[in-house]
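Undergrad: PDB, C-alpha atoms, pLDDT in the B column, saved as protein.pdb, coming up:
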```pdb
ATOM      1  CA  MET A   1      -7.199 -34.741 -16.271  1.00 49.00           C
ATOM      2  CA  PRO A   2      -7.497 -31.297 -14.607  1.00 51.00           C
ATOM      3  CA  THR A   3      -5.949 -28.331 -16.331  1.00 50.00           C
ATOM      4  CA  PRO A   4      -3.273 -26.358 -14.487  1.00 50.00           C
ATOM      5  CA  LEU A   5      -4.440 -23.155 -12.893  1.00 50.00           C
ATOM      6  CA  SER A   6      -3.246 -19.959 -14.486  1.00 45.00           C
ATOM      7  CA  THR A   7      -1.280 -17.571 -12.278  1.00 45.00           C
ATOM      8  CA  LYS A   8      -2.047 -14.596 -14.497  1.00 45.00           C
ATOM      9  CA  ARG A   9      -4.411 -12.083 -12.950  1.00 46.00           C
ATOM     10  CA  VAL A  10      -7.325 -11.048 -15.065  1.00 47.00           C
ATOM     11  CA  PRO A  11      -8.837  -7.642 -14.288  1.00 48.00           C
ATOM     12  CA  PRO A  12     -12.447  -7.928 -13.207  1.00 50.00           C
ATOM     13  CA  SER A  13     -14.961  -7.116 -15.879  1.00 47.00           C
ATOM     14  CA  SER A  14     -18.105  -5.171 -15.182  1.00 46.00           C
ATOM     15  CA  SER A  15     -20.053  -8.437 -15.074  1.00 47.00           C
ATOM     16  CA  ASP A  16     -17.779  -9.741 -12.268  1.00 59.00           C
ATOM     17  CA  LEU A  17     -18.609  -6.807 -10.002  1.00 64.00           C
ATOM     18  CA  PRO A  18     -21.469  -7.457  -7.610  1.00 74.00           C
ATOM     19  CA  SER A  19     -24.625  -5.521  -8.308  1.00 81.00           C
ATOM     20  CA  ILE A  20     -25.748  -3.122  -5.624  1.00 84.00           C
ATOM     21  CA  PRO A  21     -29.517  -3.116  -5.092  1.00 86.00           C
ATOM     22  CA  ASN A  22     -31.283   0.212  -5.571  1.00 86.00           C
ATOM     23  CA  ARG A  23     -31.958   1.088  -1.918  1.00 87.00           C
ATOM     24  CA  LEU A  24     -31.342   4.125   0.247  1.00 89.00           C
ATOM     25  CA  TYR A  25     -29.740   2.290   3.185  1.00 91.00           C
ATOM     26  CA  PHE A  26     -28.038  -1.067   3.669  1.00 93.00           C
ATOM     27  CA  LYS A  27     -27.473  -2.923   6.935  1.00 94.00           C
ATOM     28  CA  ILE A  28     -24.013  -4.273   7.711  1.00 94.00           C
ATOM     29  CA  GLY A  29     -25.086  -7.844   6.895  1.00 94.00           C
ATOM     30  CA  ASP A  30     -26.284  -6.761   3.456  1.00 94.00           C
ATOM     31  CA  VAL A  31     -23.002  -4.968   2.747  1.00 94.00           C
ATOM     32  CA  ALA A  32     -21.041  -7.979   3.981  1.00 94.00           C
ATOM     33  CA  ARG A  33     -22.940 -10.216   1.530  1.00 94.00           C
ATOM     34  CA  ILE A  34     -22.403  -7.787  -1.365  1.00 93.00           C
ATOM     35  CA  CYS A  35     -18.674  -7.425  -0.607  1.00 93.00           C
ATOM     36  CA  GLU A  36     -18.258 -11.112   0.259  1.00 93.00           C
ATOM     37  CA  VAL A  37     -16.518 -10.373   3.570  1.00 93.00           C
ATOM     38  CA  GLU A  38     -17.467 -10.890   7.190  1.00 95.00           C
ATOM     39  CA  THR A  39     -19.150  -8.137   9.185  1.00 94.00           C
ATOM     40  CA  TYR A  40     -16.155  -7.788  11.528  1.00 95.00           C
ATOM     41  CA  VAL A  41     -14.005  -6.982   8.488  1.00 94.00           C
ATOM     42  CA  LEU A  42     -16.299  -4.064   7.613  1.00 95.00           C
ATOM     43  CA  ARG A  43     -16.167  -2.814  11.204  1.00 94.00           C
ATOM     44  CA  PHE A  44     -12.357  -3.025  11.107  1.00 95.00           C
ATOM     45  CA  TRP A  45     -12.227  -1.171   7.784  1.00 95.00           C
ATOM     46  CA  GLU A  46     -14.303   1.618   9.367  1.00 94.00           C
ATOM     47  CA  THR A  47     -11.496   2.139  11.891  1.00 94.00           C
ATOM     48  CA  GLN A  48      -8.793   2.124   9.203  1.00 94.00           C
ATOM     49  CA  PHE A  49     -10.385   4.093   6.363  1.00 93.00           C
ATOM     50  CA  PRO A  50     -11.780   7.539   7.143  1.00 91.00           C
ATOM     51  CA  GLN A  51     -13.697   7.441   3.835  1.00 90.00           C
ATOM     52  CA  LEU A  52     -15.879   4.585   5.137  1.00 93.00           C
ATOM     53  CA  LYS A  53     -18.216   6.130   7.704  1.00 92.00           C
ATOM     54  CA  PRO A  54     -21.722   4.690   7.707  1.00 93.00           C
ATOM     55  CA  ASN A  55     -24.510   6.487   9.550  1.00 92.00           C
ATOM     56  CA  LYS A  56     -25.928   4.933  12.693  1.00 91.00           C
ATOM     57  CA  SER A  57     -29.590   4.618  13.532  1.00 91.00           C
ATOM     58  CA  GLY A  58     -31.057   5.574  16.885  1.00 92.00           C
ATOM     59  CA  THR A  59     -30.522   1.981  18.039  1.00 93.00           C
ATOM     60  CA  GLY A  60     -26.872   2.009  16.948  1.00 91.00           C
ATOM     61  CA  GLN A  61     -27.293  -0.064  13.796  1.00 92.00           C
ATOM     62  CA  ARG A  62     -24.925   0.820  10.973  1.00 92.00           C
ATOM     63  CA  LEU A  63     -26.720   2.182   7.942  1.00 94.00           C
ATOM     64  CA  TYR A  64     -24.582   2.221   4.819  1.00 94.00           C
ATOM     65  CA  ARG A  65     -25.467   4.422   1.854  1.00 93.00           C
ATOM     66  CA  ARG A  66     -24.692   3.426  -1.723  1.00 92.00           C
ATOM     67  CA  ARG A  67     -21.419   5.424  -1.718  1.00 93.00           C
ATOM     68  CA  ASP A  68     -20.348   3.555   1.450  1.00 94.00           C
ATOM     69  CA  VAL A  69     -21.048   0.232  -0.254  1.00 93.00           C
ATOM     70  CA  GLU A  70     -19.074   1.352  -3.307  1.00 93.00           C
ATOM     71  CA  MET A  71     -16.186   2.424  -1.028  1.00 93.00           C
ATOM     72  CA  ALA A  72     -16.257  -0.964   0.730  1.00 94.00           C
ATOM     73  CA  LEU A  73     -16.147  -2.696  -2.667  1.00 94.00           C
ATOM     74  CA  GLU A  74     -13.174  -0.544  -3.688  1.00 93.00           C
ATOM     75  CA  ILE A  75     -11.349  -1.354  -0.429  1.00 94.00           C
ATOM     76  CA  ARG A  76     -12.062  -5.053  -0.976  1.00 94.00           C
ATOM     77  CA  ARG A  77     -10.724  -4.828  -4.532  1.00 93.00           C
ATOM     78  CA  LEU A  78      -7.525  -3.150  -3.379  1.00 92.00           C
ATOM     79  CA  VAL A  79      -6.874  -5.400  -0.379  1.00 93.00           C
ATOM     80  CA  HIS A  80      -8.120  -8.771  -1.619  1.00 92.00           C
ATOM     81  CA  GLY A  81      -7.860  -8.362  -5.396  1.00 90.00           C
ATOM     82  CA  GLU A  82      -4.757  -6.209  -5.872  1.00 90.00           C
ATOM     83  CA  GLY A  83      -2.885  -7.402  -2.781  1.00 91.00           C
ATOM     84  CA  TYR A  84      -2.479  -4.007  -1.098  1.00 92.00           C
ATOM     85  CA  THR A  85      -1.815  -3.775   2.605  1.00 92.00           C
ATOM     86  CA  ILE A  86      -4.320  -1.814   4.670  1.00 92.00           C
ATOM     87  CA  ALA A  87      -1.930   1.154   4.829  1.00 92.00           C
ATOM     88  CA  GLY A  88      -1.235   0.912   1.095  1.00 91.00           C
ATOM     89  CA  ALA A  89      -4.929   0.768   0.254  1.00 92.00           C
ATOM     90  CA  ARG A  90      -5.588   3.773   2.504  1.00 91.00           C
ATOM     91  CA  GLN A  91      -2.838   5.687   0.720  1.00 91.00           C
ATOM     92  CA  ALA A  92      -4.109   4.650  -2.715  1.00 91.00           C
ATOM     93  CA  LEU A  93      -7.626   5.812  -1.851  1.00 90.00           C
ATOM     94  CA  GLU A  94      -6.337   9.144  -0.507  1.00 88.00           C
ATOM     95  CA  GLN A  95      -4.242   9.727  -3.623  1.00 87.00           C
ATOM     96  CA  GLY A  96      -7.108   8.664  -5.849  1.00 80.00           C
ATOM     97  CA  HIS A  97      -9.349  11.316  -4.315  1.00 62.00           C
ATOM     98  CA  ARG A  98      -6.703  14.058  -4.491  1.00 55.00           C
ATOM     99  CA  ARG A  99      -5.390  13.368  -7.981  1.00 45.00           C
ATOM    100  CA  PRO A 100      -8.191  15.024 -10.032  1.00 43.00           C
ATOM    101  CA  THR A 101      -8.144  18.225  -7.980  1.00 41.00           C
ATOM    102  CA  LEU A 102      -4.354  18.468  -8.154  1.00 41.00           C
ATOM    103  CA  GLN A 103      -4.325  17.889 -11.916  1.00 46.00           C
ATOM    104  CA  ALA A 104      -7.082  20.436 -12.380  1.00 48.00           C
ATOM    105  CA  ARG A 105      -4.943  23.073 -10.642  1.00 47.00           C
ATOM    106  CA  LEU A 106      -1.753  22.449 -12.628  1.00 49.00           C
ATOM    107  CA  PRO A 107      -1.494  24.425 -15.853  1.00 54.00           C
ATOM    108  CA  LEU A 108      -0.447  22.377 -18.873  1.00 52.00           C
ATOM    109  CA  PRO A 109       2.030  23.647 -21.446  1.00 52.00           C
ATOM    110  CA  GLU A 110       0.473  24.621 -24.741  1.00 57.00           C
ATOM    111  CA  GLY A 111      -0.252  21.677 -27.022  1.00 54.00           C
ATOM    112  CA  GLU A 112       0.123  18.969 -24.343  1.00 52.00           C
ATOM    113  CA  SER A 113      -2.621  16.671 -23.168  1.00 53.00           C
ATOM    114  CA  SER A 114      -3.269  15.869 -19.509  1.00 52.00           C
ATOM    115  CA  GLU A 115      -1.594  12.463 -19.899  1.00 53.00           C
ATOM    116  CA  ARG A 116       2.147  12.336 -20.507  1.00 58.00           C
ATOM    117  CA  PRO A 117       3.040   8.679 -21.017  1.00 62.00           C
ATOM    118  CA  GLU A 118       6.537   9.464 -22.300  1.00 69.00           C
ATOM    119  CA  SER A 119       7.536  11.410 -19.217  1.00 75.00           C
ATOM    120  CA  VAL A 120       5.919   8.872 -16.896  1.00 77.00           C
ATOM    121  CA  ALA A 121       7.691   5.976 -18.635  1.00 78.00           C
ATOM    122  CA  ALA A 122      10.994   7.879 -18.530  1.00 80.00           C
ATOM    123  CA  THR A 123      10.586   8.602 -14.817  1.00 82.00           C
ATOM    124  CA  ILE A 124       9.771   4.978 -14.065  1.00 82.00           C
ATOM    125  CA  GLY A 125      12.744   3.813 -16.147  1.00 81.00           C
ATOM    126  CA  HIS A 126      15.063   6.216 -14.315  1.00 82.00           C
ATOM    127  CA  ALA A 127      13.754   5.067 -10.922  1.00 84.00           C
ATOM    128  CA  ARG A 128      14.235   1.404 -11.883  1.00 84.00           C
ATOM    129  CA  ALA A 129      17.822   2.078 -12.968  1.00 84.00           C
ATOM    130  CA  GLU A 130      18.564   3.812  -9.665  1.00 86.00           C
ATOM    131  CA  LEU A 131      16.990   0.959  -7.708  1.00 84.00           C
ATOM    132  CA  ARG A 132      19.086  -1.598  -9.634  1.00 84.00           C
ATOM    133  CA  GLU A 133      22.215   0.412  -8.841  1.00 85.00           C
ATOM    134  CA  ILE A 134      21.313   0.517  -5.136  1.00 84.00           C
ATOM    135  CA  ALA A 135      20.583  -3.216  -5.125  1.00 83.00           C
ATOM    136  CA  ASN A 136      23.958  -3.930  -6.756  1.00 82.00           C
ATOM    137  CA  LEU A 137      25.728  -1.779  -4.165  1.00 81.00           C
ATOM    138  CA  LEU A 138      23.983  -3.608  -1.349  1.00 82.00           C
ATOM    139  CA  ALA A 139      24.687  -7.032  -2.872  1.00 82.00           C
ATOM    140  CA  SER A 140      28.411  -6.498  -3.492  1.00 77.00           C
ATOM    141  CA  PRO A 141      30.766  -7.365  -0.648  1.00 75.00           C
ATOM    142  CA  VAL A 142      32.522  -4.415   0.868  1.00 69.00           C
ATOM    143  CA  SER A 143      36.302  -4.661   0.438  1.00 68.00           C
ATOM    144  CA  ARG A 144      38.041  -3.182   3.437  1.00 67.00           C
ATOM    145  CA  PRO A 145      41.710  -3.465   4.225  1.00 66.00           C
ATOM    146  CA  PRO A 146      42.362  -5.988   6.982  1.00 66.00           C
ATOM    147  CA  ARG A 147      42.555  -4.461  10.401  1.00 69.00           C
ATOM    148  CA  ARG A 148      45.968  -4.559  11.998  1.00 70.00           C
ATOM    149  CA  ARG A 149      45.835  -5.652  15.526  1.00 66.00           C
ATOM    150  CA  THR A 150      48.360  -4.157  17.787  1.00 64.00           C
ATOM    151  CA  LYS A 151      50.094  -6.524  20.115  1.00 63.00           C
ATOM    152  CA  VAL A 152      49.452  -5.923  23.713  1.00 59.00           C
ATOM    153  CA  GLN A 153      52.667  -5.274  25.518  1.00 58.00           C
ATOM    154  CA  SER A 154      53.098  -7.486  28.449  1.00 57.00           C
ATOM    155  CA  LEU A 155      53.865  -5.775  31.658  1.00 54.00           C
ATOM    156  CA  VAL A 156      57.184  -6.911  32.967  1.00 55.00           C
ATOM    157  CA  ALA A 157      56.835  -5.660  36.457  1.00 56.00           C
ATOM    158  CA  TYR A 158      53.600  -6.085  38.276  1.00 58.00           C
ATOM    159  CA  SER A 159      52.710  -3.548  40.856  1.00 60.00           C
ATOM    160  CA  ASP A 160      49.970  -3.095  43.362  1.00 66.00           C
ATOM    161  CA  SER A 161      48.886   0.051  41.586  1.00 65.00           C
ATOM    162  CA  LEU A 162      46.063  -0.067  39.100  1.00 66.00           C
ATOM    163  CA  PHE A 163      47.901   2.424  36.926  1.00 66.00           C
ATOM    164  CA  PRO A 164      51.503   1.278  36.319  1.00 61.00           C
ATOM    165  CA  ALA A 165      53.952   4.041  35.630  1.00 58.00           C
TER     166      ALA A 165
END
```
Rewrite the structure of this file - the entire thing - as structure tokens.

TA:
Amino acid sequence: MPTPLSTKRVPPSSSDLPSIPNRLYFKIGDVARICEVETYVLRFWETQFPQLKPNKSGTGQRLYRRRDVEMALEIRRLVHGEGYTIAGARQALEQGHRRPTLQARLPLPEGESSERPESVAATIGHARAELREIANLLASPVSRPPRRRTKVQSLVAYSDSLFPA
């Protein structure tokens, strides 16, 4: 009897990640095999992610460097593994590249480490409470007083004029 499939996601371990051969350049077919996607997907990702820009040979063949292959693997992880949309993955990659430089510029108060889990958890808790409140407001029916309709007065005398006096 087959066992039921688990719906829990398990983060990929380092052994699950595909190994990238030690080469200077990779053709698009090689990168597609490493990333386990079709070549047209890689070409589409090039149009959507400015970070993924392989060089082109004199004959127009795409030549990916190791960092391009790693970027394609990261995009695949975000889109296929984490369930991000293309726009969400693009945003996550942009924020991921900016985060270290922004944190490096911000001065920390004396005695505090760079990670502040209490403040992050408090901010997330506050945001969740606000979202629940908004959801409750949207879910509750709006109670408005009934509209009073005025009765249309019937015109006793009809005239040929469009605007009776």

Undergrad: Convert the output of the PyMOL selection byres ((chain A and resi 87) around 12) on the shown file into explicit residues, formatted as a CSV table (one decimal) with C-alpha atoms, in the coordinates of the input.

TA:
```
chain,number,residue,atom,x,y,z
A,45,TRP,CA,-12.2,-1.2,7.8
A,47,THR,CA,-11.5,2.1,11.9
A,48,GLN,CA,-8.8,2.1,9.2
A,49,PHE,CA,-10.4,4.1,6.4
A,50,PRO,CA,-11.8,7.5,7.1
A,75,ILE,CA,-11.3,-1.4,-0.4
A,78,LEU,CA,-7.5,-3.2,-3.4
A,79,VAL,CA,-6.9,-5.4,-0.4
A,83,GLY,CA,-2.9,-7.4,-2.8
A,84,TYR,CA,-2.5,-4.0,-1.1
A,85,THR,CA,-1.8,-3.8,2.6
A,86,ILE,CA,-4.3,-1.8,4.7
A,88,GLY,CA,-1.2,0.9,1.1
A,89,ALA,CA,-4.9,0.8,0.3
A,90,ARG,CA,-5.6,3.8,2.5
A,91,GLN,CA,-2.8,5.7,0.7
A,92,ALA,CA,-4.1,4.6,-2.7
A,93,LEU,CA,-7.6,5.8,-1.9
A,94,GLU,CA,-6.3,9.1,-0.5
```

Undergrad: For atom CA of Met71 of chain A and atom CA of Leu52 of chain A, determine how far apart the two atoms are, in Å to one decimal place.

TA: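 If I compute the distance from atom CA of Met71 of chain A to atom CA of Leu52 of chain A, I get 6.5 Å.
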
Undergrad: I need the residue set behind the PyMOL selection byres ((chain A and resi 26) around 6) for this file; please write it as a PDB file with C-alpha atoms, in the frame of the given file.

TA:
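Okay, this is what ended up in out-v9.pdb:
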```
ATOM      1  CA  TYR A  25     -29.740   2.290   3.185  1.00 91.00           C
ATOM      2  CA  LYS A  27     -27.473  -2.923   6.935  1.00 94.00           C
ATOM      3  CA  ASP A  30     -26.284  -6.761   3.456  1.00 94.00           C
ATOM      4  CA  LEU A  63     -26.720   2.182   7.942  1.00 94.00           C
ATOM      5  CA  TYR A  64     -24.582   2.221   4.819  1.00 94.00           C
TER       6      TYR A  64
END
```

Undergrad: May I ask which of the residues A:Ala127, A:Ala139, A:Ile34, A:Ala121 is the closest one to Asp68 of chain A, counting all atoms listed in the file?

TA: A:Ile34

Undergrad: Find the distance between atom CA of Glu36 of chain A and atom CA of Leu24 of chain A and write it in Å to one decimal.

TA: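 Spanning atom CA of Glu36 of chain A to atom CA of Leu24 of chain A is a straight-line distance of 20.1 Å.
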
Undergrad: In Å, how far is it from atom CA of Val31 of chain A to atom CA of Ser19 of chain A?

TA: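 Atom CA of Val31 of chain A sits 11.2 Å away from atom CA of Ser19 of chain A.
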
Undergrad: Choose the residue, out of A:Ile28, A:Asn136, A:Ile20, A:Gly96, that has the smallest atom-to-atom separation from Leu73 of chain A; count only C-alpha atoms.

TA: A:Ile20

Undergrad: Would you compute, for all listed atoms of segment 83-99 of chain A, the axis-aligned bounding box grown by 5 Å on each side, and then report its centre and edge lengths in Å rounded to one decimal, as AutoDock Vina command-line options?

TA:
```
--center_x -5.3 --center_y 3.3 --center_z -1.6 --size_x 18.1 --size_y 31.5 --size_z 22.8
```

Undergrad: Which one is closest to Ala32 of chain A: A:Ala72, A:Ser140, A:Ser57, A:Arg148? Count all atoms listed in the file.

TA: A:Ala72
